[in-house]
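Student: Following this message is one structure expressed as structure tokens.
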Amino acid sequence: MIRFENVSKWYPGGVADAVDNLSLFINEGEICVLVGSSGCGKTTTMKMINKLIEPSSGTIYLDGQNIETLDTLTLRLNIGYIIQEIGLFPHMTVAENVATIPVELGWKPLRIKARVEELLDLVDLDPRLFGRKKPRELNASQKLRVGIARALAANPMIMLMDEPFGALDPVARTRMQDEFLTIHQKIHKTIVLVTHDIDEAIRMGDRIAVMRNGRVLQFDTPREILSHPADPFVSELIGDRKALKLMNLISCAQLMHDVSEFRQTWNRDFKAGGTLPGASTIGMQATAQDALAEMFRTGERFLFVEDDSHQVQGVIELDDLFKSVSQGDDARKQ
Amino acid sequence: MDLVGFLASRWQAILQLTAEHLVIVVTAMAISVILGVVIGIAITFNRAAARIVLKFANLMMTIPSLALFALLIPVLGLGKASAIVGLVAYTQLPLIRTVYAGIMTIDSTIIVAARGMGLSDRTILFKIKVPLALPAVMAGIRTAAVMGIGIGAIAGYIGAGGLGVFIFQGINRTSDGMVLTGAIILSLIAILTDQVLGQVLGRVQRRFDP
Amino acid sequence: MRANSDDAGYAVSLCRIVLLAVIGILLCVAVVEHPQDRLVAQLVSYHRVLVLLGQHLSIVASASALAILTAVPAGVLLTRPRFRAWTPRLIGLARIGQAVPGLAVIALSVGLLGVGTMTAILAMGLCSLLPILNNTLTGINAVDPALLAAAHGMGVAPRHVLTRVELPLALAMIMAGIRSAVTINIGAAVLAAFVGGGGLGELIITGNTISRVQVMVLGAALPMLMALAADAVFDMIDHGMKL
């Protein structure tokens, strides 16, 4: 979908290259996160995709087409763009903000109205309630929602997001990250997300490019980066509690095993429903980390896993959790 | 009393000169606002040009208004043309400066977002920058208009008519009624304009402020 | 580093003043030595220009001093706690007063006090008082209340809070007000000639009466150069305050 081929960017008088001979391939429909500390070239890399910055050398292809051959404005109209400050137009209402690009493209009023309502619904803002509000009346996460709706207005193939969750407090940030993942499942865009927050990268990314000094140190799935950091800097960036972070990527559904095995091992009485009386349960979507926390809370070495209709589907034991983190390592060492 | 007597006996002349004053100021302001807004926008595209233009406009303001009008007489002669040109020149600085500042102080992230979305420079200028600078432009128009009304009176000295005629003739003839009439009407018009434009400005700010 | 750049700024301002003075002197010499006709030669002499320049400067200085000495204390008084509730209304009133054209103020004074130098000074002082008052009020009001609370909490005596916290912080604003007041006065002093106050405006009136461009240009240029020089002087004061 997006391919960087030996792309470099240097500024006159700059000590080092902002981006140094970068090659990268981003698949269609994936969330690719560029992560690194400030000045590592991640934002420059992103801004070269929508030609806000021209590369000094190298080529960027979009769907096989060299972007230099594409008209700048047309290219940008086909790429959604969200920055940390969102940059909503303060003199326009929420609806007018979302309608900016459709108006620019000369859509019919009725079509614009329908599109705005559809998008505001998508980002969970009631169009009747929010459509006429001005940006100054919104809180940070509502602004981000409007920003996402505005970026999606003309149904772009790609979305570029520069620290989109940076302005949110920790609680709102986690919630918006989850909500955005839900939205992404509905819209299936190719997303390039820039962040300095490795936890955000692990949470959001299908693949993560760890950058430093204009180079990509490692480009891989979050799981692979956590279990096999390719470089001391990557290890340092991931920081402590690597195992816990890794457990965050594994769902209980992946870990659970059949209750019948468990029954034999432990030889306890089961009720008609299949669980022990008073035993605690956890949802299938919960992470291994959630399961660990729940076991520590109850003091039991096992948990039942339920589906949405509270039917027990399996069981997780403490050993499963241990294995989930270390097994990954063993399996790949072979 | 002198003032009351003057008002009663010369009300026709008072009306006529007031109207004349307003025509001169309104004409000059119309030209000045268009020119000032165009120049103010134009110089946002070039830092060097902005510096030069603002320096020049600043210099213009240090010329005493009476001196400026006096210097225009040899060029344009006595009368309304000199008055209007002088007024336009004199009221440029507040306009250019506020339009320029109004556009340059727009939150840069808004412009980055607009560019990144694929809006053309033209669209960004007319749909985003100009509307967002509107409160600043209105503030500039308010200052310029109030200034123009006062300076318009000085144009009375160079034969342009208007309320300045009462003041200058009144001083020459030591007619206190005449001087006071001119001064009071002039002050009232200036204060009224300031208040009305202040109201308009408040309304614009409420609509456009981020 | 900083001191150096301010030293440079100081020197640049000084050069500007010298340059402006040289231009002014050259203009005078040009007119006096090469008058366009005998009438001009009769009416313009070094002595007359010097007298008018002196009058102009003294009118500006008196009016500015009057304005500063009333507006700054008034501003300080009106920001004391017992008057604080009134400040917004006073700023509003000052705004209305500032809308009144300078010529109208001078004319009103003539109507009430008759012609003369005192009338001119009083009217100009009144006009230029408002920007200083406005800036003093705004400047002192803009001081962070947390700083005042901190100063009081540390046990600084109330009058020292004013002299050691509020005034120093508001000084830049007050100086800006004084700067614009002096610029206004240099321009307004030209009008003093109409009300018998003398000053460089007389050259413009003379020039206009006898329609001699040379005299009018001299009368227009000298106050302008004076305004530019005043600007440079205030730049120097600004640099001096930073040093």
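A note on labels: chains of the structure tokens are A, B, ... as shown, every chain counts residues from 1, and ligands are counted from 1 in their shown order.
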Would you mind listing, for every residue of chain B within 9 Å of chain C, the two atoms forming the shortest contact and the distance between them in Å to one decimal, using only C-alpha atoms, sorted by chain and ascending residue number, as JSON lines?
Tutor:
```
{"residue": "B:Leu59", "atom": "CA", "partner": "C:Leu228", "partner_atom": "CA", "distance": 7.9}
{"residue": "B:Met61", "atom": "CA", "partner": "C:Met224", "partner_atom": "CA", "distance": 9.0}
{"residue": "B:Thr62", "atom": "CA", "partner": "C:Met224", "partner_atom": "CA", "distance": 5.5}
{"residue": "B:Ile63", "atom": "CA", "partner": "C:Met224", "partner_atom": "CA", "distance": 4.8}
{"residue": "B:Pro64", "atom": "CA", "partner": "C:Gly187", "partner_atom": "CA", "distance": 4.4}
{"residue": "B:Ser65", "atom": "CA", "partner": "C:Gly187", "partner_atom": "CA", "distance": 7.1}
{"residue": "B:Leu66", "atom": "CA", "partner": "C:Val190", "partner_atom": "CA", "distance": 7.3}
{"residue": "B:Ala67", "atom": "CA", "partner": "C:Ala220", "partner_atom": "CA", "distance": 4.4}
{"residue": "B:Leu68", "atom": "CA", "partner": "C:Ala220", "partner_atom": "CA", "distance": 7.0}
{"residue": "B:Ala70", "atom": "CA", "partner": "C:Met216", "partner_atom": "CA", "distance": 6.6}
{"residue": "B:Leu71", "atom": "CA", "partner": "C:Val217", "partner_atom": "CA", "distance": 6.5}
{"residue": "B:Ile73", "atom": "CA", "partner": "C:Asn208", "partner_atom": "CA", "distance": 8.8}
{"residue": "B:Pro74", "atom": "CA", "partner": "C:Val213", "partner_atom": "CA", "distance": 6.9}
{"residue": "B:Thr143", "atom": "CA", "partner": "C:Ala99", "partner_atom": "CA", "distance": 8.7}
{"residue": "B:Val146", "atom": "CA", "partner": "C:Ala99", "partner_atom": "CA", "distance": 6.2}
{"residue": "B:Met147", "atom": "CA", "partner": "C:Pro101", "partner_atom": "CA", "distance": 7.3}
{"residue": "B:Ile149", "atom": "CA", "partner": "C:Pro101", "partner_atom": "CA", "distance": 7.6}
{"residue": "B:Gly150", "atom": "CA", "partner": "C:Pro101", "partner_atom": "CA", "distance": 4.5}
{"residue": "B:Ile151", "atom": "CA", "partner": "C:Pro101", "partner_atom": "CA", "distance": 7.5}
{"residue": "B:Ala153", "atom": "CA", "partner": "C:Leu103", "partner_atom": "CA", "distance": 7.5}
{"residue": "B:Ile154", "atom": "CA", "partner": "C:Leu103", "partner_atom": "CA", "distance": 7.4}
{"residue": "B:Ile158", "atom": "CA", "partner": "C:Asn208", "partner_atom": "CA", "distance": 8.8}
{"residue": "B:Gly164", "atom": "CA", "partner": "C:Leu103", "partner_atom": "CA", "distance": 8.6}
{"residue": "B:Ile167", "atom": "CA", "partner": "C:Ala107", "partner_atom": "CA", "distance": 6.4}
{"residue": "B:Phe168", "atom": "CA", "partner": "C:Phe194", "partner_atom": "CA", "distance": 7.9}
{"residue": "B:Ile171", "atom": "CA", "partner": "C:Val195", "partner_atom": "CA", "distance": 7.1}
{"residue": "B:Asn172", "atom": "CA", "partner": "C:Phe194", "partner_atom": "CA", "distance": 8.4}
{"residue": "B:Thr174", "atom": "CA", "partner": "C:Gly114", "partner_atom": "CA", "distance": 8.4}
{"residue": "B:Ser175", "atom": "CA", "partner": "C:Gly111", "partner_atom": "CA", "distance": 8.1}
{"residue": "B:Asp176", "atom": "CA", "partner": "C:Gly111", "partner_atom": "CA", "distance": 4.7}
{"residue": "B:Gly177", "atom": "CA", "partner": "C:Gly111", "partner_atom": "CA", "distance": 7.3}
{"residue": "B:Met178", "atom": "CA", "partner": "C:Gly111", "partner_atom": "CA", "distance": 8.6}
{"residue": "B:Val179", "atom": "CA", "partner": "C:Ala107", "partner_atom": "CA", "distance": 5.9}
{"residue": "B:Leu180", "atom": "CA", "partner": "C:Leu108", "partner_atom": "CA", "distance": 5.6}
{"residue": "B:Thr181", "atom": "CA", "partner": "C:Leu108", "partner_atom": "CA", "distance": 8.9}
{"residue": "B:Gly182", "atom": "CA", "partner": "C:Ala104", "partner_atom": "CA", "distance": 7.6}
{"residue": "B:Ala183", "atom": "CA", "partner": "C:Ala104", "partner_atom": "CA", "distance": 4.3}
{"residue": "B:Ile184", "atom": "CA", "partner": "C:Ala104", "partner_atom": "CA", "distance": 7.1}
{"residue": "B:Ile185", "atom": "CA", "partner": "C:Ala104", "partner_atom": "CA", "distance": 8.9}
{"residue": "B:Leu186", "atom": "CA", "partner": "C:Ala104", "partner_atom": "CA", "distance": 6.7}
{"residue": "B:Ser187", "atom": "CA", "partner": "C:Val100", "partner_atom": "CA", "distance": 4.9}
{"residue": "B:Leu188", "atom": "CA", "partner": "C:Val100", "partner_atom": "CA", "distance": 7.8}
{"residue": "B:Ile189", "atom": "CA", "partner": "C:Val100", "partner_atom": "CA", "distance": 8.8}
{"residue": "B:Ala190", "atom": "CA", "partner": "C:Ala99", "partner_atom": "CA", "distance": 5.8}
{"residue": "B:Ile191", "atom": "CA", "partner": "C:Ala99", "partner_atom": "CA", "distance": 5.5}
{"residue": "B:Leu192", "atom": "CA", "partner": "C:Ala99", "partner_atom": "CA", "distance": 9.0}
{"residue": "B:Thr193", "atom": "CA", "partner": "C:Ala99", "partner_atom": "CA", "distance": 8.7}
{"residue": "B:Asp194", "atom": "CA", "partner": "C:Ala99", "partner_atom": "CA", "distance": 6.6}
{"residue": "B:Gln195", "atom": "CA", "partner": "C:Ile96", "partner_atom": "CA", "distance": 7.9}
```
Student: Counting only C-alpha atoms, which residues from chain B have an atom at most 9 Å from any atom of chain A, and could you show them as a VMD selection string?
Tutor: chain B and resid 107 to 120 123 128 131 to 132 207 to 210
Student: Write a file of the selected residues as an mmCIF file, in the first residue's frame, keeping N, CA, C and O atoms.
Tutor:
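As written to disk, out08.cif reads:
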```
data_model
loop_
_atom_site.group_PDB
_atom_site.id
_atom_site.type_symbol
_atom_site.label_atom_id
_atom_site.label_comp_id
_atom_site.auth_asym_id
_atom_site.auth_seq_id
_atom_site.Cartn_x
_atom_site.Cartn_y
_atom_site.Cartn_z
ATOM 1 N N ASP B 107 -3.652 30.122 15.202
ATOM 2 C CA ASP B 107 -3.001 28.903 15.687
ATOM 3 C C ASP B 107 -2.474 28.092 14.497
ATOM 4 O O ASP B 107 -3.235 27.669 13.632
ATOM 5 N N SER B 108 -1.147 27.888 14.472
ATOM 6 C CA SER B 108 -0.545 27.267 13.285
ATOM 7 C C SER B 108 -1.034 25.837 13.079
ATOM 8 O O SER B 108 -1.053 25.342 11.955
ATOM 9 N N THR B 109 -1.479 25.178 14.167
ATOM 10 C CA THR B 109 -1.929 23.797 13.987
ATOM 11 C C THR B 109 -3.180 23.740 13.108
ATOM 12 O O THR B 109 -3.404 22.763 12.410
ATOM 13 N N ILE B 110 -3.973 24.809 13.161
ATOM 14 C CA ILE B 110 -5.182 24.846 12.321
ATOM 15 C C ILE B 110 -4.778 24.858 10.851
ATOM 16 O O ILE B 110 -5.360 24.153 10.021
ATOM 17 N N ILE B 111 -3.751 25.640 10.539
ATOM 18 C CA ILE B 111 -3.308 25.725 9.156
ATOM 19 C C ILE B 111 -2.660 24.411 8.715
ATOM 20 O O ILE B 111 -2.887 23.937 7.604
ATOM 21 N N VAL B 112 -1.863 23.798 9.624
ATOM 22 C CA VAL B 112 -1.247 22.506 9.294
ATOM 23 C C VAL B 112 -2.335 21.483 8.993
ATOM 24 O O VAL B 112 -2.278 20.749 8.000
ATOM 25 N N ALA B 113 -3.365 21.451 9.851
ATOM 26 C CA ALA B 113 -4.460 20.506 9.636
ATOM 27 C C ALA B 113 -5.116 20.754 8.284
ATOM 28 O O ALA B 113 -5.368 19.826 7.518
ATOM 29 N N ALA B 114 -5.350 22.035 7.975
ATOM 30 C CA ALA B 114 -6.026 22.375 6.720
ATOM 31 C C ALA B 114 -5.186 21.955 5.516
ATOM 32 O O ALA B 114 -5.688 21.396 4.551
ATOM 33 N N ARG B 115 -3.881 22.218 5.600
ATOM 34 C CA ARG B 115 -3.005 21.844 4.483
ATOM 35 C C ARG B 115 -2.949 20.329 4.333
ATOM 36 O O ARG B 115 -3.024 19.790 3.235
ATOM 37 N N GLY B 116 -2.831 19.650 5.476
ATOM 38 C CA GLY B 116 -2.747 18.201 5.447
ATOM 39 C C GLY B 116 -4.003 17.563 4.884
ATOM 40 O O GLY B 116 -3.954 16.494 4.277
ATOM 41 N N MET B 117 -5.150 18.228 5.068
ATOM 42 C CA MET B 117 -6.412 17.692 4.551
ATOM 43 C C MET B 117 -6.510 17.815 3.040
ATOM 44 O O MET B 117 -7.385 17.228 2.422
ATOM 45 N N GLY B 118 -5.656 18.669 2.466
ATOM 46 C CA GLY B 118 -5.705 18.841 1.020
ATOM 47 C C GLY B 118 -6.465 20.077 0.582
ATOM 48 O O GLY B 118 -6.898 20.166 -0.562
ATOM 49 N N LEU B 119 -6.648 21.045 1.486
ATOM 50 C CA LEU B 119 -7.289 22.293 1.064
ATOM 51 C C LEU B 119 -6.274 23.134 0.286
ATOM 52 O O LEU B 119 -5.093 23.178 0.643
ATOM 53 N N SER B 120 -6.735 23.802 -0.751
ATOM 54 C CA SER B 120 -5.831 24.624 -1.552
ATOM 55 C C SER B 120 -5.506 25.906 -0.788
ATOM 56 O O SER B 120 -6.224 26.295 0.126
ATOM 57 N N THR B 123 -8.432 28.279 -0.748
ATOM 58 C CA THR B 123 -9.486 27.908 0.197
ATOM 59 C C THR B 123 -9.045 28.228 1.616
ATOM 60 O O THR B 123 -9.819 28.757 2.413
ATOM 61 N N ILE B 128 -10.600 30.033 5.834
ATOM 62 C CA ILE B 128 -10.087 29.826 7.177
ATOM 63 C C ILE B 128 -9.371 31.057 7.714
ATOM 64 O O ILE B 128 -9.752 31.610 8.734
ATOM 65 N N PRO B 131 -11.780 34.486 7.673
ATOM 66 C CA PRO B 131 -12.815 34.484 8.717
ATOM 67 C C PRO B 131 -12.223 34.529 10.129
ATOM 68 O O PRO B 131 -12.759 35.215 11.003
ATOM 69 N N LEU B 132 -11.105 33.820 10.335
ATOM 70 C CA LEU B 132 -10.537 33.795 11.679
ATOM 71 C C LEU B 132 -9.913 35.137 12.051
ATOM 72 O O LEU B 132 -9.806 35.471 13.219
ATOM 73 N N ARG B 207 -18.979 35.387 17.821
ATOM 74 C CA ARG B 207 -19.245 34.376 16.788
ATOM 75 C C ARG B 207 -17.991 33.627 16.363
ATOM 76 O O ARG B 207 -18.039 32.474 16.008
ATOM 77 N N PHE B 208 -16.873 34.346 16.358
ATOM 78 C CA PHE B 208 -15.696 33.755 15.715
ATOM 79 C C PHE B 208 -14.605 33.314 16.669
ATOM 80 O O PHE B 208 -13.707 32.597 16.272
ATOM 81 N N ASP B 209 -14.652 33.787 17.926
ATOM 82 C CA ASP B 209 -13.520 33.459 18.786
ATOM 83 C C ASP B 209 -13.429 31.956 19.024
ATOM 84 O O ASP B 209 -14.428 31.306 19.244
ATOM 85 N N PRO B 210 -12.216 31.434 18.976
ATOM 86 C CA PRO B 210 -12.064 29.996 19.188
ATOM 87 C C PRO B 210 -12.434 29.601 20.614
ATOM 88 O O PRO B 210 -12.396 30.408 21.496
#
```
Student: Could you tell me how far CA of Met60 in chain B sits from CA of Val32 in chain C, in Å to one decimal place?
Tutor: 26.1 Å
Student: I need the residues of range 100-204 of chain A that end up classed as strand (DSSP E) by DSSP on the backbone, written out as a ChimeraX atom specification.
Tutor: /A:158-162,190-195
Student: The selected residues should be written to file as an mmCIF file, in the first residue's frame (atoms: C-alpha atoms).
Tutor:
```cif
data_model
loop_
_atom_site.group_PDB
_atom_site.id
_atom_site.type_symbol
_atom_site.label_atom_id
_atom_site.label_comp_id
_atom_site.auth_asym_id
_atom_site.auth_seq_id
_atom_site.Cartn_x
_atom_site.Cartn_y
_atom_site.Cartn_z
ATOM 1 C CA ILE A 158 -5.111 6.001 4.238
ATOM 2 C CA MET A 159 -5.140 7.816 7.573
ATOM 3 C CA LEU A 160 -2.104 9.513 9.016
ATOM 4 C CA MET A 161 -2.261 10.162 12.743
ATOM 5 C CA ASP A 162 0.389 12.229 14.523
ATOM 6 C CA THR A 190 -4.469 1.694 6.205
ATOM 7 C CA ILE A 191 -3.294 3.678 9.200
ATOM 8 C CA VAL A 192 0.076 5.191 9.953
ATOM 9 C CA LEU A 193 0.236 6.323 13.559
ATOM 10 C CA VAL A 194 3.099 8.285 15.090
ATOM 11 C CA THR A 195 3.692 8.158 18.829
#
```
Student: What's the 9 Å shell around Thr287 in chain A, counting only C-alpha atoms, without same-chain residues fewer than 2 positions away, as an NGL selection string?
Tutor: :A and (247-253 or 283-285 or 289-292)
Student: Using only C-alpha atoms, determine which residues lie at most 9 Å from Thr27 in chain B, disregarding the query and same-chain residues fewer than 5 positions distant; provide the list as an mmCIF file with N, CA, C and O atoms, in the first residue's frame.
Tutor:
```
data_model
loop_
_atom_site.group_PDB
_atom_site.id
_atom_site.type_symbol
_atom_site.label_atom_id
_atom_site.label_comp_id
_atom_site.auth_asym_id
_atom_site.auth_seq_id
_atom_site.Cartn_x
_atom_site.Cartn_y
_atom_site.Cartn_z
ATOM 1 N N LEU B 22 -19.149 63.620 7.448
ATOM 2 C CA LEU B 22 -19.400 62.178 7.379
ATOM 3 C C LEU B 22 -19.099 61.623 6.001
ATOM 4 O O LEU B 22 -18.530 60.541 5.866
ATOM 5 N N SER B 32 -9.872 53.114 2.467
ATOM 6 C CA SER B 32 -8.825 52.708 3.391
ATOM 7 C C SER B 32 -8.981 51.256 3.831
ATOM 8 O O SER B 32 -8.007 50.511 3.895
ATOM 9 N N ILE B 84 -9.170 63.303 1.491
ATOM 10 C CA ILE B 84 -9.416 61.857 1.429
ATOM 11 C C ILE B 84 -8.106 61.081 1.339
ATOM 12 O O ILE B 84 -7.901 60.098 2.047
#
```
Student: Name the residues of range 6-233 of chain C that fall into alpha helix (DSSP H) according to DSSP on the backbone, using the chain letters and numbers of this document, as a PyMOL selection string.
Tutor: chain C and resi 6-33+38-43+46-78+87-99+102-113+117-141+145-153+158-161+167-192+201-209+213-233
Student: At what distance in Å, to one decimal, does CA of Leu133 in chain C lie from CA of Ala71 in chain C?
Tutor: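 Answer for the CA of Ala71 in chain C to CA of Leu133 in chain C separation: 4.7 Å.
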Student: Leaving out Phe302 in chain A and any residue of its chain fewer than 2 positions from it, which residues lie within 8 Å of it when counting only C-alpha atoms, given as a VMD selection string?
Tutor: chain A and resid 295 300 304 315 to 318
Student: Please save all heavy atoms of the selected residues as an mmCIF file, in the first residue's frame.
Tutor:
```
data_model
loop_
_atom_site.group_PDB
_atom_site.id
_atom_site.type_symbol
_atom_site.label_atom_id
_atom_site.label_comp_id
_atom_site.auth_asym_id
_atom_site.auth_seq_id
_atom_site.Cartn_x
_atom_site.Cartn_y
_atom_site.Cartn_z
ATOM 1 N N MET A 295 -6.527 -13.597 39.288
ATOM 2 C CA MET A 295 -6.049 -14.702 40.126
ATOM 3 C C MET A 295 -5.412 -14.159 41.402
ATOM 4 O O MET A 295 -5.600 -14.708 42.486
ATOM 5 C CB MET A 295 -5.024 -15.542 39.367
ATOM 6 C CG MET A 295 -5.662 -16.442 38.334
ATOM 7 S SD MET A 295 -4.409 -17.433 37.542
ATOM 8 C CE MET A 295 -5.211 -17.840 36.026
ATOM 9 N N GLU A 300 -6.799 -17.743 43.952
ATOM 10 C CA GLU A 300 -6.910 -19.075 43.347
ATOM 11 C C GLU A 300 -5.928 -19.187 42.194
ATOM 12 O O GLU A 300 -5.531 -18.182 41.609
ATOM 13 C CB GLU A 300 -8.332 -19.293 42.816
ATOM 14 C CG GLU A 300 -9.401 -19.316 43.893
ATOM 15 C CD GLU A 300 -9.484 -20.668 44.583
ATOM 16 O OE1 GLU A 300 -8.691 -21.572 44.231
ATOM 17 O OE2 GLU A 300 -10.350 -20.818 45.478
ATOM 18 N N PHE A 304 -12.212 -19.530 35.355
ATOM 19 C CA PHE A 304 -13.012 -20.024 34.231
ATOM 20 C C PHE A 304 -13.233 -18.920 33.210
ATOM 21 O O PHE A 304 -13.377 -17.762 33.582
ATOM 22 C CB PHE A 304 -14.357 -20.558 34.744
ATOM 23 C CG PHE A 304 -14.196 -21.819 35.531
ATOM 24 C CD1 PHE A 304 -14.168 -21.807 36.921
ATOM 25 C CD2 PHE A 304 -14.024 -23.035 34.858
ATOM 26 C CE1 PHE A 304 -13.984 -22.966 37.645
ATOM 27 C CE2 PHE A 304 -13.843 -24.196 35.578
ATOM 28 C CZ PHE A 304 -13.821 -24.174 36.973
ATOM 29 N N VAL A 315 -10.884 -23.038 30.782
ATOM 30 C CA VAL A 315 -10.300 -22.676 32.052
ATOM 31 C C VAL A 315 -8.850 -22.253 31.824
ATOM 32 O O VAL A 315 -8.206 -22.702 30.873
ATOM 33 C CB VAL A 315 -10.400 -23.851 33.047
ATOM 34 C CG1 VAL A 315 -9.523 -25.008 32.592
ATOM 35 C CG2 VAL A 315 -10.027 -23.410 34.459
ATOM 36 N N ILE A 316 -8.384 -21.344 32.646
ATOM 37 C CA ILE A 316 -6.983 -20.919 32.575
ATOM 38 C C ILE A 316 -6.356 -21.177 33.929
ATOM 39 O O ILE A 316 -6.944 -20.843 34.969
ATOM 40 C CB ILE A 316 -6.865 -19.425 32.230
ATOM 41 C CG1 ILE A 316 -7.366 -19.155 30.828
ATOM 42 C CG2 ILE A 316 -5.423 -18.960 32.373
ATOM 43 C CD1 ILE A 316 -7.369 -17.686 30.474
ATOM 44 N N GLU A 317 -5.167 -21.771 33.905
ATOM 45 C CA GLU A 317 -4.458 -21.970 35.159
ATOM 46 C C GLU A 317 -3.242 -21.066 35.192
ATOM 47 O O GLU A 317 -2.760 -20.603 34.157
ATOM 48 C CB GLU A 317 -4.062 -23.439 35.287
ATOM 49 C CG GLU A 317 -5.288 -24.330 35.421
ATOM 50 C CD GLU A 317 -4.913 -25.801 35.413
ATOM 51 O OE1 GLU A 317 -4.187 -26.210 36.335
ATOM 52 O OE2 GLU A 317 -5.307 -26.513 34.475
ATOM 53 N N LEU A 318 -2.729 -20.876 36.406
ATOM 54 C CA LEU A 318 -1.588 -19.970 36.576
ATOM 55 C C LEU A 318 -0.415 -20.408 35.698
ATOM 56 O O LEU A 318 0.268 -19.564 35.085
ATOM 57 C CB LEU A 318 -1.170 -19.935 38.047
ATOM 58 C CG LEU A 318 -0.170 -18.858 38.436
ATOM 59 C CD1 LEU A 318 -0.680 -17.479 38.047
ATOM 60 C CD2 LEU A 318 0.094 -18.910 39.936
#
```
Student: What does the distance between CA of Asn213 in chain A and CA of Pro55 in chain A come to in Å, to one decimal place?
Tutor: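 These two atoms are separated by 15.9 Å.
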Student: List the spatial neighbours of Thr44 in chain B as a list in words - criterion: any atom at most 12 Å away, only C-alpha atoms, same-chain residues fewer than 6 positions off excluded.
Tutor: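 Residues meeting the cut-off are Val37, Val38, Ala50, Arg51, Val53, Leu54, Ile96, Arg97, Thr98, Val99, Tyr100, Ala101, Gly102, Ile103, Met104, Thr105, Ile106, Leu125, Lys129, Val130 and Ala133 of chain B.
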Student: Taking into account only C-alpha atoms, which residue in the set C:Gly75, C:Phe234, C:Met241, C:Val143 is nearest to Arg16 in chain C?
Tutor: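 Closest to Arg16 in chain C of all the choices is C:Phe234.
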Student: If you count only C-alpha atoms, which residues fall within 6 Å of Ala18 in chain A, apart from same-chain ones fewer than 2 positions away, as a PyMOL selection string?
Tutor: chain A and resi 9-10+41+214
Student: Those residues you just picked out, can you put them in a file as a PDB file, in the first residue's frame with C-alpha atoms?
Tutor:
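The file below, part.pdb, is the result:
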```
ATOM      1  CA  LYS A   9      15.522  13.725   4.267  1.00  0.00           C
ATOM      2  CA  TRP A  10      18.178  16.183   5.286  1.00  0.00           C
ATOM      3  CA  GLY A  41      12.347  11.216  12.273  1.00  0.00           C
ATOM      4  CA  GLY A 214      16.199   8.667  11.202  1.00  0.00           C
TER       5      GLY A 214
END
```
